[in-house]
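A quick write-up on the structure given underneath.
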Amino acid sequence: MTPKTLYDKLWDAHVVTAYDDGSALLYIDRQLLHEVTSPQAFEGLRLAGRKPWRLDANLAVTDHNVPTTAHTEPVADPVARLQIETLDRNCAEFGVTEFGMGDPRQGIVHVVGPEQGATLPGMTLVCGDSHTATHGALGTLAFGIGTSEVEHVLATQTLVQQKAARMLIRVDGQLAHAVTAKDLILAIIGRIGTAGGTGYAIEFAGEAVRALSMEGRMTLCNMAIEAGARCGMVGVDAITIDYVRGRPYAPQGELWERAVANWRDLVTDDGAEFDRIEVFDATAIEPQVTWGTSPEMVAGVGAVIPDPRQVEDAVRADAIRRALEYMDLQPGMPLTQIPIDKVFIGSCTNARIEDLREAAEVVRGRRVSERIQQALVVPGSGLVKRQAEAEGLDRVFSEAGFEWREPGCSMCLGMNPDRLNPGERCASTSNRNFEGRQGQGGRTHLASPAMAAAAALYGHFVDIRDELGG
Amino acid sequence: MSIEPFNRHTGLVAPLDRANVDTDAIIPKQFLKSVQRTGFGPYLFDEWRYLDHGEPGMECSQRPQNPDFVLNQPRYAAATVLLARANFGCGSSREHAPWALRDYGFRAIVAPSFADIFYSNCFKNGLLPVVLDEGVVDQLFQAVYDASDYRLTIDLPEQVVTTPHGDAFPFTVDPFRKRMLLEGLDEIGVTLAEQAEAIRAYEQRRAQEAPWLFAAR
């Protein structure tokens, strides 16, 4: 048999109908829904008099709009409230399971799916959100879709898809102490660019990827979209299977045994061919900080802001010039001298229990700098929050001067009240540093949870390797 | 839902001369709270287009416009073709981005490359994304800047973009998407009519191979 990549295996197992042009009608095993990209899809079903094809394949959760203050209070913003209530109503009307506000399982859709075992190895999984790539960490073919496609999946349990090209990103060696999956993915994006993965499905492999926990692998796959790839994935191993075991939606008993036997094959075969291979040396990767308005505008923490006059490509030089103007930064300035106003620890990239532990380790027994106006910790789900509280992390953060909040997408995109004011500069564990992303006129510097936590203590970035020892 | 068909379109070109235009820029997050598909046009590129902070429901005709933003220049007021740079539409999967572009009046976007999800979303909304070589796009930017009232003709059946001087640049589009857009078909209706049996057959086979995917939950 011809050796296959993981992507080929996942694709082939889900082809309902193959078309002559290489596209296919793909079966979708799981759809996750949230309040922002689903209302028009449900309305479309209603207008056409259609029913969901397979109710039990869908799971809904509110996350983008929800306030991170007490969830027992009504949502103050009437437009946000309408959208949240619309999801509640749609789920009730069509019979879709929903974890609404107040449910301890509620949280960010990409944290909730794996946590519940609703994301399983070997599945195809979609959601009307680009960070659906996250779920690829479990050996799942997972990608973000638009609202029309959400409706198509609701109505038919399928999607017409073009097959992507295959890219292998192999990371050799081990990451240094205090260097995390977030630093790795930022370094990857820095090299291949935000469009480097466009048209590809990325598989992450190599010694450093194998050594990552599931949380780390999710961080890695989460930002595949920031490299332009609709999906990222990691082959199944013992770490994957141990993570899934016993979760509420995971199979049990004899079905579990059958599933595991099947999942063990969800790896790229020896000798399988990729269309492109990129190799990284993990040992050379430093803690990363973005300085611009695109995730590819990133550098190691010891670097200085680049000078657009030294960039030959005119379009790129122009982009850097615009970015520095928006960010109010000067070429040659060390990244460690950028003063920070706010700190956000959260988002589908970095709000899992391991991320919170990593940040808590840095802040334990210390105080947030006086120049920091707000430091938020927003757990990825109600269950992450509960776990963190059981470990006393909430007190570690609160005693240091962080605000300990309720779960949601929060300041990653500022659809709820958590946002930056014009000109404010934020050290953020989220995934996008676009203009206005965290609030109009706000300036975002992406970093790992430990780096963001340390920035809160000092009021500027520091090299976390010095902080945590090497 | 059937969509507005796209066949052949000739329209005024507006140049948006920056790379990596993301969907947060195309339609900022506060407008995503709508539960409708329409009404996003006035808020297209809101943070670049206006000098004040936009909120959903705002009446935009009286808002202070940013005179430096290209779409605010009177010469581009009637544009229906957007000329853009590489990686247009990167970032979030929000279909509100093509909704806003279409609602504003654009029928086609010409760029050297598009982000995958955005590209796919355009076809569902009667908006044609056209990929041309970087060098050709450079030429078109120059031509737009040099001429007033610069128009391009985009012919989907023939898959070609034609300039006022008669230069013709072919582009590719996959057959399925082309058919949907040409005929303005309801894709869900097509799938249900043509594929429902195949989907059921797949489910029956798959439930034997991987029964845990079809367990009660």
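Labels for the structure tokens follow display order: chains A, B, ..., residues from 1 in each chain, ligands from 1.
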Distance table requested - chain B against chain A, cut-off 7 Å, only C-alpha atoms: one row per qualifying residue with the closest atom pair and its distance in Å to one decimal, ordered by chain and rising residue number, as JSON lines.
```
{"residue": "B:Met1", "atom": "CA", "partner": "A:Gly44", "partner_atom": "CA", "distance": 6.7}
{"residue": "B:Asp24", "atom": "CA", "partner": "A:Arg437", "partner_atom": "CA", "distance": 6.6}
{"residue": "B:Lys29", "atom": "CA", "partner": "A:Met415", "partner_atom": "CA", "distance": 6.0}
{"residue": "B:Gln30", "atom": "CA", "partner": "A:Met415", "partner_atom": "CA", "distance": 5.9}
{"residue": "B:Leu32", "atom": "CA", "partner": "A:Val36", "partner_atom": "CA", "distance": 6.5}
{"residue": "B:Lys33", "atom": "CA", "partner": "A:Ala80", "partner_atom": "CA", "distance": 5.9}
{"residue": "B:Val35", "atom": "CA", "partner": "A:Pro39", "partner_atom": "CA", "distance": 5.4}
{"residue": "B:Gln36", "atom": "CA", "partner": "A:Gln40", "partner_atom": "CA", "distance": 6.0}
{"residue": "B:Arg37", "atom": "CA", "partner": "A:Gln40", "partner_atom": "CA", "distance": 6.4}
{"residue": "B:Asn87", "atom": "CA", "partner": "A:Ala195", "partner_atom": "CA", "distance": 6.1}
{"residue": "B:Gly91", "atom": "CA", "partner": "A:Glu226", "partner_atom": "CA", "distance": 6.7}
{"residue": "B:Ser92", "atom": "CA", "partner": "A:Ser130", "partner_atom": "CA", "distance": 5.2}
{"residue": "B:Ser93", "atom": "CA", "partner": "A:Ser130", "partner_atom": "CA", "distance": 4.9}
{"residue": "B:Arg94", "atom": "CA", "partner": "A:Gly146", "partner_atom": "CA", "distance": 6.0}
{"residue": "B:Glu95", "atom": "CA", "partner": "A:Gly146", "partner_atom": "CA", "distance": 5.1}
{"residue": "B:Ala115", "atom": "CA", "partner": "A:Thr198", "partner_atom": "CA", "distance": 6.4}
{"residue": "B:Asp116", "atom": "CA", "partner": "A:Thr198", "partner_atom": "CA", "distance": 6.4}
{"residue": "B:Ile117", "atom": "CA", "partner": "A:Ile145", "partner_atom": "CA", "distance": 6.3}
{"residue": "B:Asn121", "atom": "CA", "partner": "A:Gly146", "partner_atom": "CA", "distance": 5.9}
{"residue": "B:Lys124", "atom": "CA", "partner": "A:Ser148", "partner_atom": "CA", "distance": 6.7}
{"residue": "B:Ile188", "atom": "CA", "partner": "A:His152", "partner_atom": "CA", "distance": 5.6}
{"residue": "B:Leu192", "atom": "CA", "partner": "A:Thr156", "partner_atom": "CA", "distance": 6.8}
{"residue": "B:Ala198", "atom": "CA", "partner": "A:Val16", "partner_atom": "CA", "distance": 6.4}
{"residue": "B:Ile199", "atom": "CA", "partner": "A:Val16", "partner_atom": "CA", "distance": 6.1}
{"residue": "B:Tyr202", "atom": "CA", "partner": "A:Val16", "partner_atom": "CA", "distance": 6.0}
{"residue": "B:Trp212", "atom": "CA", "partner": "A:Pro251", "partner_atom": "CA", "distance": 5.9}
{"residue": "B:Arg217", "atom": "CA", "partner": "A:Asp56", "partner_atom": "CA", "distance": 5.8}
```
Helix (DSSP H, G or I) positions in region 143-192 of chain B, given as a ChimeraX atom specification: /B:143-146,175-183,187-192
Dump as a tab-separated table (two decimals), in the first residue's frame, selection limited to N, CA, C and O atoms:
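So the final result, stored in selection_27.tsv, reads:
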```tsv
chain	number	residue	atom	x	y	z
B	143	ALA	N	-2.14	51.15	-13.19
B	143	ALA	CA	-3.14	51.60	-14.17
B	143	ALA	C	-4.29	52.34	-13.49
B	143	ALA	O	-4.78	53.36	-13.99
B	144	VAL	N	-4.70	51.83	-12.32
B	144	VAL	CA	-5.80	52.46	-11.60
B	144	VAL	C	-5.38	53.86	-11.13
B	144	VAL	O	-6.16	54.82	-11.23
B	145	TYR	N	-4.13	53.96	-10.64
B	145	TYR	CA	-3.66	55.26	-10.17
B	145	TYR	C	-3.53	56.25	-11.33
B	145	TYR	O	-3.76	57.45	-11.16
B	146	ASP	N	-3.16	55.75	-12.50
B	146	ASP	CA	-2.89	56.63	-13.64
B	146	ASP	C	-4.14	57.10	-14.36
B	146	ASP	O	-4.12	58.15	-15.01
B	175	PRO	N	-14.45	24.02	-10.74
B	175	PRO	CA	-15.72	23.87	-11.47
B	175	PRO	C	-16.96	23.91	-10.59
B	175	PRO	O	-17.99	24.46	-10.99
B	176	PHE	N	-16.86	23.33	-9.39
B	176	PHE	CA	-18.04	23.28	-8.52
B	176	PHE	C	-18.46	24.69	-8.10
B	176	PHE	O	-19.62	25.08	-8.22
B	177	ARG	N	-17.48	25.46	-7.63
B	177	ARG	CA	-17.79	26.82	-7.18
B	177	ARG	C	-18.28	27.67	-8.36
B	177	ARG	O	-19.17	28.51	-8.21
B	178	LYS	N	-17.68	27.45	-9.52
B	178	LYS	CA	-18.08	28.20	-10.71
B	178	LYS	C	-19.55	27.94	-11.04
B	178	LYS	O	-20.32	28.87	-11.28
B	179	ARG	N	-19.91	26.68	-10.98
B	179	ARG	CA	-21.30	26.32	-11.30
B	179	ARG	C	-22.27	26.96	-10.30
B	179	ARG	O	-23.30	27.53	-10.67
B	180	MET	N	-21.93	26.86	-9.01
B	180	MET	CA	-22.81	27.43	-7.98
B	180	MET	C	-23.03	28.92	-8.21
B	180	MET	O	-24.14	29.43	-8.12
B	181	LEU	N	-21.93	29.62	-8.52
B	181	LEU	CA	-22.00	31.08	-8.64
B	181	LEU	C	-22.67	31.49	-9.96
B	181	LEU	O	-23.48	32.42	-9.99
B	182	LEU	N	-22.35	30.78	-11.02
B	182	LEU	CA	-22.95	31.12	-12.33
B	182	LEU	C	-24.47	30.97	-12.28
B	182	LEU	O	-25.21	31.81	-12.81
B	183	GLU	N	-24.91	29.89	-11.64
B	183	GLU	CA	-26.34	29.61	-11.65
B	183	GLU	C	-27.03	30.16	-10.41
B	183	GLU	O	-28.26	30.08	-10.31
B	187	GLU	N	-26.76	25.82	-2.53
B	187	GLU	CA	-25.85	24.67	-2.44
B	187	GLU	C	-26.44	23.56	-1.56
B	187	GLU	O	-26.26	22.37	-1.85
B	188	ILE	N	-27.13	23.96	-0.50
B	188	ILE	CA	-27.73	22.94	0.37
B	188	ILE	C	-28.79	22.15	-0.40
B	188	ILE	O	-28.84	20.91	-0.33
B	189	GLY	N	-29.59	22.87	-1.17
B	189	GLY	CA	-30.61	22.21	-1.99
B	189	GLY	C	-29.98	21.23	-2.96
B	189	GLY	O	-30.48	20.10	-3.15
B	190	VAL	N	-28.86	21.63	-3.57
B	190	VAL	CA	-28.17	20.76	-4.52
B	190	VAL	C	-27.64	19.51	-3.81
B	190	VAL	O	-27.82	18.39	-4.29
B	191	THR	N	-27.00	19.72	-2.65
B	191	THR	CA	-26.46	18.57	-1.92
B	191	THR	C	-27.57	17.60	-1.53
B	191	THR	O	-27.45	16.39	-1.70
B	192	LEU	N	-28.68	18.15	-1.02
B	192	LEU	CA	-29.77	17.27	-0.58
B	192	LEU	C	-30.38	16.54	-1.78
B	192	LEU	O	-30.70	15.35	-1.69
```
Close residues, Ala400 (chain A) itself excluded, 12 Å, only C-alpha atoms, min 5 positions apart in chain, as a ChimeraX atom specification: /A:359-370,372,374-377,393-395,453-454,456-457
C-alpha atoms of the current selection, written as a compact mmCIF listing (two decimals), in the first residue's frame:
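Just written: again.txt:
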```txt
# COMPACT_ATOMS: atom_id res chain seq x y z
CA ALA A 359 1.56 31.93 34.51
CA ALA A 360 0.87 31.32 38.21
CA GLU A 361 4.35 29.91 38.71
CA VAL A 362 5.77 33.24 37.56
CA VAL A 363 3.57 35.49 39.70
CA ARG A 364 3.41 33.42 42.92
CA GLY A 365 4.18 35.65 45.90
CA ARG A 366 4.83 38.74 43.77
CA ARG A 367 2.94 41.89 42.78
CA VAL A 368 1.75 43.33 39.49
CA SER A 369 3.70 46.48 38.55
CA GLU A 370 2.16 49.81 39.49
CA ILE A 372 -0.17 48.08 34.85
CA GLN A 374 -5.41 46.00 34.44
CA ALA A 375 -4.24 42.40 34.48
CA LEU A 376 -6.89 39.83 33.59
CA VAL A 377 -6.88 36.07 33.91
CA LEU A 393 -4.22 29.39 41.42
CA ASP A 394 -7.04 31.93 41.73
CA ARG A 395 -5.53 33.12 45.03
CA ALA A 453 2.70 37.16 33.46
CA ALA A 454 6.27 38.41 33.86
CA ALA A 456 2.66 42.22 34.38
CA LEU A 457 5.20 42.09 37.22
```
Strand (DSSP E or B) call set, DSSP backbone run, region 142-377 of chain A, as a count of residues only: 47
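The shortest atom-to-atom distance to Ser213 (chain A), with only C-alpha atoms taken into account, belongs to A:Ala181 out of A:Ala181, A:Cys91, A:Leu33, A:Val260.
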